[in-house]
$ cat start-v7.cif   # mmCIF, C-alpha atoms (C1' of nucleotides)
data_my_file
#
loop_
_atom_site.label_atom_id
_atom_site.label_comp_id
_atom_site.auth_asym_id
_atom_site.auth_seq_id
_atom_site.Cartn_x
_atom_site.Cartn_y
_atom_site.Cartn_z
CA MET S 1 138.87 112.89 111.31
CA LEU S 2 137.10 115.34 113.52
CA LYS S 3 139.63 117.51 115.27
CA PRO S 4 139.06 118.47 118.89
CA LEU S 5 137.45 121.81 119.59
CA ASP S 6 139.20 124.41 121.73
CA PRO S 7 137.44 123.92 125.06
CA LEU S 8 137.95 127.55 125.93
CA LEU S 9 135.82 128.63 123.02
CA HIS S 10 133.39 125.72 123.08
CA SER S 11 131.34 127.29 125.83
CA GLU S 12 128.19 129.19 125.06
CA LEU S 13 129.03 132.24 127.15
CA ARG S 14 132.69 132.49 126.22
CA LEU S 15 131.83 132.03 122.56
CA ALA S 16 129.25 134.80 122.87
CA ILE S 17 131.77 137.12 124.50
CA VAL S 18 134.33 136.54 121.77
CA SER S 19 131.66 136.83 119.10
CA ILE S 20 130.64 140.22 120.44
CA LEU S 21 134.21 141.45 120.77
CA LEU S 22 135.01 140.48 117.20
CA GLY S 23 132.46 142.98 115.97
CA VAL S 24 133.62 145.98 117.93
CA GLU S 25 136.72 147.90 118.90
CA SER S 26 136.01 147.14 122.56
CA ALA S 27 133.09 146.49 124.86
CA ASP S 28 132.61 146.92 128.57
CA PHE S 29 131.37 144.52 131.21
CA VAL S 30 127.89 146.01 131.38
CA TYR S 31 127.41 145.97 127.64
CA ILE S 32 128.50 142.35 127.33
CA ARG S 33 126.28 141.45 130.25
CA LYS S 34 123.25 143.00 128.56
CA GLN S 35 124.00 141.42 125.21
CA THR S 36 124.48 137.96 126.63
CA GLY S 37 122.00 138.05 129.49
CA ALA S 38 124.61 136.35 131.67
CA THR S 39 124.77 136.82 135.40
CA ALA S 40 127.54 139.13 136.59
CA GLY S 41 129.29 136.34 138.47
CA ASN S 42 129.38 134.01 135.54
CA LEU S 43 130.51 136.79 133.23
CA SER S 44 133.29 137.77 135.62
CA VAL S 45 134.59 134.21 135.73
CA GLN S 46 134.43 133.66 131.98
CA ILE S 47 136.08 136.98 131.14
CA ASP S 48 138.83 135.98 133.50
CA LYS S 49 139.40 132.70 131.71
CA LEU S 50 139.54 134.33 128.32
CA HIS S 51 141.90 136.91 129.73
CA LYS S 52 144.23 134.33 131.29
CA ALA S 53 144.36 132.58 127.92
CA GLU S 54 145.18 135.96 126.38
CA TYR S 55 142.23 135.69 124.03
CA ILE S 56 141.03 139.06 125.23
CA SER S 57 142.58 142.04 126.93
CA VAL S 58 140.90 143.50 129.96
CA ASP S 59 141.32 147.10 130.96
CA LYS S 60 140.07 148.28 134.33
CA GLY S 61 139.50 151.97 134.55
CA PHE S 62 136.85 154.43 135.57
CA ASN S 63 133.96 156.03 133.83
CA GLY S 64 133.82 159.19 135.89
CA LYS S 65 133.75 157.70 139.34
CA MET S 66 132.30 154.32 138.50
CA PRO S 67 134.57 151.35 137.82
CA ARG S 68 134.61 150.24 134.25
CA THR S 69 135.97 147.04 132.80
CA THR S 70 136.66 147.19 129.11
CA CYS S 71 137.46 144.16 126.99
CA SER S 72 138.77 143.67 123.53
CA ILE S 73 139.85 140.77 121.43
CA THR S 74 143.57 140.05 120.99
CA PRO S 75 145.30 138.71 117.87
CA LYS S 76 145.67 135.39 119.70
CA GLY S 77 141.93 135.38 120.39
CA ARG S 78 141.17 136.11 116.76
CA GLU S 79 143.35 133.24 115.62
CA ALA S 80 141.90 130.82 118.13
CA PHE S 81 138.42 131.78 117.03
CA ALA S 82 139.23 131.33 113.35
CA GLU S 83 140.68 127.89 114.03
CA TYR S 84 137.70 126.98 116.19
CA VAL S 85 135.28 127.92 113.42
CA GLU S 86 137.24 125.90 110.87
CA ARG S 87 137.08 122.84 113.06
CA LEU S 88 133.48 123.37 113.98
CA LYS S 89 132.52 123.43 110.32
CA GLU S 90 133.60 119.83 110.06
CA TYR S 91 131.01 118.95 112.65
CA ILE S 92 128.14 120.89 111.21
CA SER S 93 128.55 120.74 107.44
CA PRO S 94 126.66 117.96 105.67
CA LYS S 95 128.71 114.88 104.77
CA MET I 1 120.17 138.85 120.31
CA LEU I 2 122.10 135.64 120.51
CA LYS I 3 119.72 132.79 121.12
CA PRO I 4 120.73 130.05 123.55
CA LEU I 5 122.28 126.91 122.13
CA ASP I 6 120.71 123.52 122.78
CA PRO I 7 122.93 122.22 125.59
CA LEU I 8 122.40 118.67 124.46
CA LEU I 9 124.07 119.39 121.17
CA HIS I 10 126.61 121.89 122.42
CA SER I 11 128.94 119.17 123.61
CA GLU I 12 131.89 118.08 121.56
CA LEU I 13 131.22 114.37 121.77
CA ARG I 14 127.45 114.51 121.37
CA LEU I 15 127.84 116.88 118.44
CA ALA I 16 130.32 114.47 116.87
CA ILE I 17 127.94 111.54 117.37
CA VAL I 18 125.07 113.39 115.73
CA SER I 19 127.34 114.66 112.99
CA ILE I 20 128.39 111.11 112.17
CA LEU I 21 124.85 109.75 112.29
CA LEU I 22 123.61 112.45 109.92
CA GLY I 23 125.85 111.07 107.20
CA VAL I 24 124.84 107.43 107.43
CA GLU I 25 121.81 105.18 107.66
CA SER I 26 123.05 103.90 111.02
CA ALA I 27 126.29 103.34 112.89
CA ASP I 28 127.24 101.02 115.70
CA PHE I 29 128.93 101.72 118.99
CA VAL I 30 132.32 100.48 117.88
CA TYR I 31 132.30 102.52 114.71
CA ILE I 32 131.34 105.70 116.51
CA ARG I 33 133.97 104.99 119.11
CA LYS I 34 136.68 104.67 116.50
CA GLN I 35 135.58 107.75 114.60
CA THR I 36 135.43 109.93 117.68
CA GLY I 37 138.26 108.42 119.69
CA ALA I 38 136.05 108.64 122.77
CA THR I 39 136.39 106.26 125.68
CA ALA I 40 133.70 103.59 125.83
CA GLY I 41 132.34 104.92 129.10
CA ASN I 42 131.97 108.45 127.88
CA LEU I 43 130.42 107.27 124.65
CA SER I 44 127.94 105.09 126.51
CA VAL I 45 126.82 108.01 128.66
CA GLN I 46 126.49 110.46 125.78
CA ILE I 47 124.60 108.02 123.58
CA ASP I 48 122.23 107.52 126.46
CA LYS I 49 121.58 111.24 126.77
CA LEU I 50 120.88 111.61 123.08
CA HIS I 51 118.63 108.60 123.25
CA LYS I 52 116.66 109.89 126.22
CA ALA I 53 116.13 113.14 124.35
CA GLU I 54 114.96 111.06 121.40
CA TYR I 55 117.57 112.62 119.15
CA ILE I 56 118.79 109.17 118.21
CA SER I 57 117.35 105.68 118.27
CA VAL I 58 119.36 102.90 119.80
CA ASP I 59 118.95 99.32 118.82
CA LYS I 60 120.59 96.57 120.84
CA GLY I 61 121.03 93.35 119.00
CA PHE I 62 123.70 90.79 118.26
CA ASN I 63 126.31 90.44 115.61
CA GLY I 64 126.57 86.68 115.72
CA LYS I 65 127.06 86.16 119.43
CA MET I 66 128.53 89.52 120.27
CA PRO I 67 126.34 92.34 121.50
CA ARG I 68 125.89 95.14 119.04
CA THR I 69 124.49 98.60 119.66
CA THR I 70 123.30 100.37 116.57
CA CYS I 71 122.35 104.04 116.52
CA SER I 72 120.60 106.24 114.05
CA ILE I 73 119.37 109.78 113.97
CA THR I 74 115.66 110.51 114.48
CA PRO I 75 113.60 113.24 112.81
CA LYS I 76 113.62 115.06 116.14
CA GLY I 77 117.41 114.84 116.22
CA ARG I 78 117.65 116.17 112.69
CA GLU I 79 115.46 119.13 113.54
CA ALA I 80 117.33 119.91 116.74
CA PHE I 81 120.60 119.80 114.83
CA ALA I 82 119.33 122.11 112.11
CA GLU I 83 118.12 124.60 114.68
CA TYR I 84 121.38 124.34 116.58
CA VAL I 85 123.37 125.11 113.44
CA GLU I 86 121.18 128.11 112.66
CA ARG I 87 121.75 129.53 116.09
CA LEU I 88 125.43 128.72 116.08
CA LYS I 89 125.88 130.67 112.87
CA GLU I 90 124.91 133.82 114.74
CA TYR I 91 127.86 133.24 117.01
CA ILE I 92 130.45 132.46 114.39
CA SER I 93 129.55 134.57 111.38
CA PRO I 94 131.28 137.94 111.15
CA LYS I 95 129.24 140.91 112.35
"C1'" DA U 1 138.21 71.97 130.36
"C1'" DT U 2 140.10 75.72 132.11
"C1'" DA U 3 142.61 79.76 132.48
"C1'" DA U 4 144.00 84.04 130.08
"C1'" DA U 5 143.00 87.57 127.15
"C1'" DC U 6 139.65 90.22 124.56
"C1'" DA U 7 135.12 92.55 123.18
"C1'" DA U 8 131.30 95.43 124.09
"C1'" DG U 9 129.42 97.86 126.96
"C1'" DT U 10 127.64 99.83 131.81
"C1'" DT U 11 128.21 101.77 136.34
"C1'" DT U 12 130.39 104.44 139.60
"C1'" DA U 13 133.67 107.78 140.99
"C1'" DT U 14 136.28 111.91 140.08
"C1'" DA U 15 137.58 116.06 137.77
"C1'" DA U 16 136.20 120.04 135.30
"C1'" DT U 17 132.85 123.48 134.17
"C1'" DA U 18 128.99 126.43 134.55
"C1'" DT U 19 125.85 128.81 137.26
"C1'" DA U 20 124.04 131.10 141.01
"C1'" DA U 21 124.00 133.01 145.51
"C1'" DA U 22 126.24 135.83 148.71
"C1'" DC U 23 129.14 139.39 149.40
"C1'" DC U 24 131.84 143.97 148.96
"C1'" DA U 25 132.97 148.83 148.05
"C1'" DA U 26 131.69 152.84 146.27
"C1'" DA U 27 128.09 155.83 144.19
"C1'" DT U 28 123.50 157.55 143.81
"C1'" DT U 29 118.87 158.36 145.22
"C1'" DT U 30 115.23 159.39 148.67
"C1'" DA P 1 121.94 159.46 156.65
"C1'" DA P 2 119.56 155.34 155.36
"C1'" DA P 3 118.24 152.67 151.48
"C1'" DT P 4 119.12 151.40 146.85
"C1'" DT P 5 121.85 150.82 142.82
"C1'" DT P 6 126.08 149.94 140.22
"C1'" DG P 7 129.88 147.20 139.04
"C1'" DG P 8 131.85 143.93 140.02
"C1'" DT P 9 134.42 139.47 142.91
"C1'" DT P 10 134.43 135.34 145.72
"C1'" DT P 11 132.62 131.23 147.32
"C1'" DA P 12 129.44 127.54 147.12
"C1'" DT P 13 126.57 124.43 144.52
"C1'" DA P 14 124.76 122.04 140.63
"C1'" DT P 15 125.69 120.16 136.23
"C1'" DT P 16 128.56 118.00 132.89
"C1'" DA P 17 132.34 115.46 131.07
"C1'" DT P 18 135.75 112.08 131.59
"C1'" DA P 19 138.01 108.20 133.21
"C1'" DA P 20 138.60 104.15 136.01
"C1'" DA P 21 136.65 100.04 137.50
"C1'" DC P 22 133.48 96.53 136.77
"C1'" DT P 23 130.22 93.14 134.28
"C1'" DT P 24 128.90 89.75 130.99
"C1'" DG P 25 129.99 86.99 127.71
"C1'" DT P 26 133.43 85.26 123.87
"C1'" DT P 27 137.45 83.65 121.78
"C1'" DT P 28 142.03 81.74 122.08
"C1'" DA P 29 145.73 79.21 124.06
"C1'" DT P 30 147.14 75.33 127.32
#

$ encode --input "start-v7.cif" --output "structure tokens"
Amino acid sequence: MLKPLDPLLHSELRLAIVSILLGVESADFVYIRKQTGATAGNLSVQIDKLHKAEYISVDKGFNGKMPRTTCSITPKGREAFAEYVERLKEYISPK
Amino acid sequence: MLKPLDPLLHSELRLAIVSILLGVESADFVYIRKQTGATAGNLSVQIDKLHKAEYISVDKGFNGKMPRTTCSITPKGREAFAEYVERLKEYISPK
DNA sequence: ATAAACAAGTTTATAATATAAACCAAATTT
DNA sequence: AAATTTGGTTTATATTATAAACTTGTTTAT
């Protein structure tokens, strides 16, 4: 009946991160932090998880002299998200 | 931007329980268990949480001699679900 | 009638997850 | 040059989810 939901995406913060990345070419740590209101520590951890799952790519570089972490969605992340949404619809659409 | 999601509903099993209850007059423990595939212990705990939040009503009676726990959605539960879905859409609809 | 197996849950313990607090290194401001 | 800010990471703690063990009572087989 109801299929299980990808636990990696069924997390408010990780879902927000992916949601943001789907709408842009890429976004950096600070931007995502502001958009989500997450603490830096939590964001760091969750970005790491999405990265390890290869749902997002993470590029660490510099903006002038300041460190800059840039994220973008991967094809795998896009697919996982699409599947997640399909499954989620079964939970939230009226029977 | 993205509004926080009701943590009580943003749980796979609790969302499944509410989803099931929205489609029926009422459903008992065993039925919900079969539909969701959840373990009895987990289901017991999650039903309790939804009950304490008054999202569902829980009626304990007997089916002949066997105990029977019947659940149904409350108006409060319906409202919370509707709001949850509205907020969730902001996460999953394309930007 | 009694023991074995089953049903419907609950309680308690453990594993996973999320969050926050503390920390670090470098840059900027005063 | 000391204090503050930026951009994070690491470690500790609180919360949540899950499973294992237990309880109460029932049905079935002996």

$ resolve_selection --input "start-v7.cif" --expression "the PyMOL selection byres ((chain P) within 8 of (chain S))" --output "short mmCIF file (atom, residue, chain, number, x, y, z; two decimals) with C-alpha atoms (C1' of nucleotides), in the coordinates of the input"
data_model
loop_
_atom_site.label_atom_id
_atom_site.label_comp_id
_atom_site.auth_asym_id
_atom_site.auth_seq_id
_atom_site.Cartn_x
_atom_site.Cartn_y
_atom_site.Cartn_z
"C1'" DT P 6 126.08 149.94 140.22
"C1'" DG P 7 129.88 147.20 139.04
"C1'" DG P 8 131.85 143.93 140.02
"C1'" DT P 9 134.42 139.47 142.91
#

$ resolve_selection --input "start-v7.cif" --expression "the PyMOL selection byres ((chain U) within 10 of (chain I))" --output "list in words"
DA7, DA8, DG9, DT10 and DT11 of chain U

$ interface_residues --input "start-v7.cif" --of "chain I" --to "chain S" --cutoff "8 Å" --atoms "all atoms listed in the file" --output "list in words"
Met1, Leu2, Pro4, Leu5, His10, Ser11, Glu12, Leu15, Ala16, Ser19, Leu22, Gly23, Gln35, Thr36, Val85, Tyr91, Ile92, Pro94 and Lys95 of chain I

$ residues_around --input "start-v7.cif" --residues "Gln46 of chain S" --least-positions-apart "4" --cutoff "7 Å" --atoms "all atoms listed in the file" --output "PyMOL selection string"
chain S and resi 14+42+50

$ residues_near_point --input "start-v7.cif" --point "(132.0, 115.3, 131.5)" --cutoff "9 Å" --atoms "only C-alpha atoms (C1' of nucleotides)" --output "number ranges by chain"
I: 42; U: 15-17; P: 16-18

$ build_atoms --input "start-v7.cif" --residues "segment 17-44 of chain I" --atoms "N, CA and C atoms" --output "PDB file, in the frame of the given file"
ATOM      1  N   ILE I  17     128.803 112.713 117.569  1.00  0.00           N
ATOM      2  CA  ILE I  17     127.940 111.540 117.370  1.00  0.00           C
ATOM      3  C   ILE I  17     126.841 111.880 116.362  1.00  0.00           C
ATOM      4  N   VAL I  18     126.164 112.982 116.609  1.00  0.00           N
ATOM      5  CA  VAL I  18     125.070 113.390 115.730  1.00  0.00           C
ATOM      6  C   VAL I  18     125.596 113.677 114.329  1.00  0.00           C
ATOM      7  N   SER I  19     126.734 114.344 114.273  1.00  0.00           N
ATOM      8  CA  SER I  19     127.340 114.660 112.990  1.00  0.00           C
ATOM      9  C   SER I  19     127.600 113.389 112.177  1.00  0.00           C
ATOM     10  N   ILE I  20     128.124 112.384 112.837  1.00  0.00           N
ATOM     11  CA  ILE I  20     128.390 111.110 112.170  1.00  0.00           C
ATOM     12  C   ILE I  20     127.087 110.458 111.713  1.00  0.00           C
ATOM     13  N   LEU I  21     126.114 110.430 112.609  1.00  0.00           N
ATOM     14  CA  LEU I  21     124.850 109.750 112.290  1.00  0.00           C
ATOM     15  C   LEU I  21     124.088 110.437 111.156  1.00  0.00           C
ATOM     16  N   LEU I  22     124.295 111.739 110.995  1.00  0.00           N
ATOM     17  CA  LEU I  22     123.610 112.450 109.920  1.00  0.00           C
ATOM     18  C   LEU I  22     124.077 111.984 108.548  1.00  0.00           C
ATOM     19  N   GLY I  23     125.290 111.469 108.496  1.00  0.00           N
ATOM     20  CA  GLY I  23     125.850 111.070 107.200  1.00  0.00           C
ATOM     21  C   GLY I  23     125.602 109.628 106.818  1.00  0.00           C
ATOM     22  N   VAL I  24     125.024 108.859 107.706  1.00  0.00           N
ATOM     23  CA  VAL I  24     124.840 107.430 107.430  1.00  0.00           C
ATOM     24  C   VAL I  24     123.443 106.944 107.822  1.00  0.00           C
ATOM     25  N   GLU I  25     123.098 105.802 107.299  1.00  0.00           N
ATOM     26  CA  GLU I  25     121.810 105.180 107.660  1.00  0.00           C
ATOM     27  C   GLU I  25     121.805 104.851 109.155  1.00  0.00           C
ATOM     28  N   SER I  26     122.883 104.215 109.597  1.00  0.00           N
ATOM     29  CA  SER I  26     123.050 103.900 111.020  1.00  0.00           C
ATOM     30  C   SER I  26     124.523 103.589 111.272  1.00  0.00           C
ATOM     31  N   ALA I  27     124.894 103.626 112.522  1.00  0.00           N
ATOM     32  CA  ALA I  27     126.290 103.340 112.890  1.00  0.00           C
ATOM     33  C   ALA I  27     126.293 102.652 114.237  1.00  0.00           C
ATOM     34  N   ASP I  28     127.211 101.706 114.407  1.00  0.00           N
ATOM     35  CA  ASP I  28     127.240 101.020 115.700  1.00  0.00           C
ATOM     36  C   ASP I  28     128.240 101.645 116.658  1.00  0.00           C
ATOM     37  N   PHE I  29     128.112 101.202 117.891  1.00  0.00           N
ATOM     38  CA  PHE I  29     128.930 101.720 118.990  1.00  0.00           C
ATOM     39  C   PHE I  29     130.418 101.727 118.654  1.00  0.00           C
ATOM     40  N   VAL I  30     130.888 100.615 118.170  1.00  0.00           N
ATOM     41  CA  VAL I  30     132.320 100.480 117.880  1.00  0.00           C
ATOM     42  C   VAL I  30     132.768 101.452 116.801  1.00  0.00           C
ATOM     43  N   TYR I  31     131.957 101.593 115.787  1.00  0.00           N
ATOM     44  CA  TYR I  31     132.300 102.520 114.710  1.00  0.00           C
ATOM     45  C   TYR I  31     132.377 103.954 115.220  1.00  0.00           C
ATOM     46  N   ILE I  32     131.374 104.339 115.969  1.00  0.00           N
ATOM     47  CA  ILE I  32     131.340 105.700 116.510  1.00  0.00           C
ATOM     48  C   ILE I  32     132.540 105.927 117.438  1.00  0.00           C
ATOM     49  N   ARG I  33     132.827 104.900 118.199  1.00  0.00           N
ATOM     50  CA  ARG I  33     133.970 104.990 119.110  1.00  0.00           C
ATOM     51  C   ARG I  33     135.266 105.232 118.352  1.00  0.00           C
ATOM     52  N   LYS I  34     135.445 104.508 117.282  1.00  0.00           N
ATOM     53  CA  LYS I  34     136.680 104.670 116.500  1.00  0.00           C
ATOM     54  C   LYS I  34     136.731 106.047 115.834  1.00  0.00           C
ATOM     55  N   GLN I  35     135.614 106.461 115.290  1.00  0.00           N
ATOM     56  CA  GLN I  35     135.580 107.750 114.600  1.00  0.00           C
ATOM     57  C   GLN I  35     135.845 108.915 115.554  1.00  0.00           C
ATOM     58  N   THR I  36     135.298 108.806 116.745  1.00  0.00           N
ATOM     59  CA  THR I  36     135.430 109.930 117.680  1.00  0.00           C
ATOM     60  C   THR I  36     136.657 109.823 118.578  1.00  0.00           C
ATOM     61  N   GLY I  37     137.138 108.597 118.772  1.00  0.00           N
ATOM     62  CA  GLY I  37     138.260 108.420 119.690  1.00  0.00           C
ATOM     63  C   GLY I  37     137.841 108.507 121.153  1.00  0.00           C
ATOM     64  N   ALA I  38     136.544 108.533 121.394  1.00  0.00           N
ATOM     65  CA  ALA I  38     136.050 108.640 122.770  1.00  0.00           C
ATOM     66  C   ALA I  38     136.273 107.343 123.543  1.00  0.00           C
ATOM     67  N   THR I  39     136.322 107.470 124.854  1.00  0.00           N
ATOM     68  CA  THR I  39     136.390 106.260 125.680  1.00  0.00           C
ATOM     69  C   THR I  39     135.008 105.613 125.638  1.00  0.00           C
ATOM     70  N   ALA I  40     134.974 104.310 125.890  1.00  0.00           N
ATOM     71  CA  ALA I  40     133.700 103.590 125.830  1.00  0.00           C
ATOM     72  C   ALA I  40     132.709 104.130 126.861  1.00  0.00           C
ATOM     73  N   GLY I  41     133.216 104.415 128.048  1.00  0.00           N
ATOM     74  CA  GLY I  41     132.340 104.920 129.100  1.00  0.00           C
ATOM     75  C   GLY I  41     131.687 106.236 128.734  1.00  0.00           C
ATOM     76  N   ASN I  42     132.492 107.143 128.281  1.00  0.00           N
ATOM     77  CA  ASN I  42     131.970 108.450 127.880  1.00  0.00           C
ATOM     78  C   ASN I  42     130.957 108.286 126.749  1.00  0.00           C
ATOM     79  N   LEU I  43     131.314 107.482 125.773  1.00  0.00           N
ATOM     80  CA  LEU I  43     130.420 107.270 124.650  1.00  0.00           C
ATOM     81  C   LEU I  43     129.081 106.682 125.101  1.00  0.00           C
ATOM     82  N   SER I  44     129.150 105.714 125.986  1.00  0.00           N
ATOM     83  CA  SER I  44     127.940 105.090 126.510  1.00  0.00           C
ATOM     84  C   SER I  44     127.010 106.122 127.137  1.00  0.00           C
TER      85      SER I  44
END
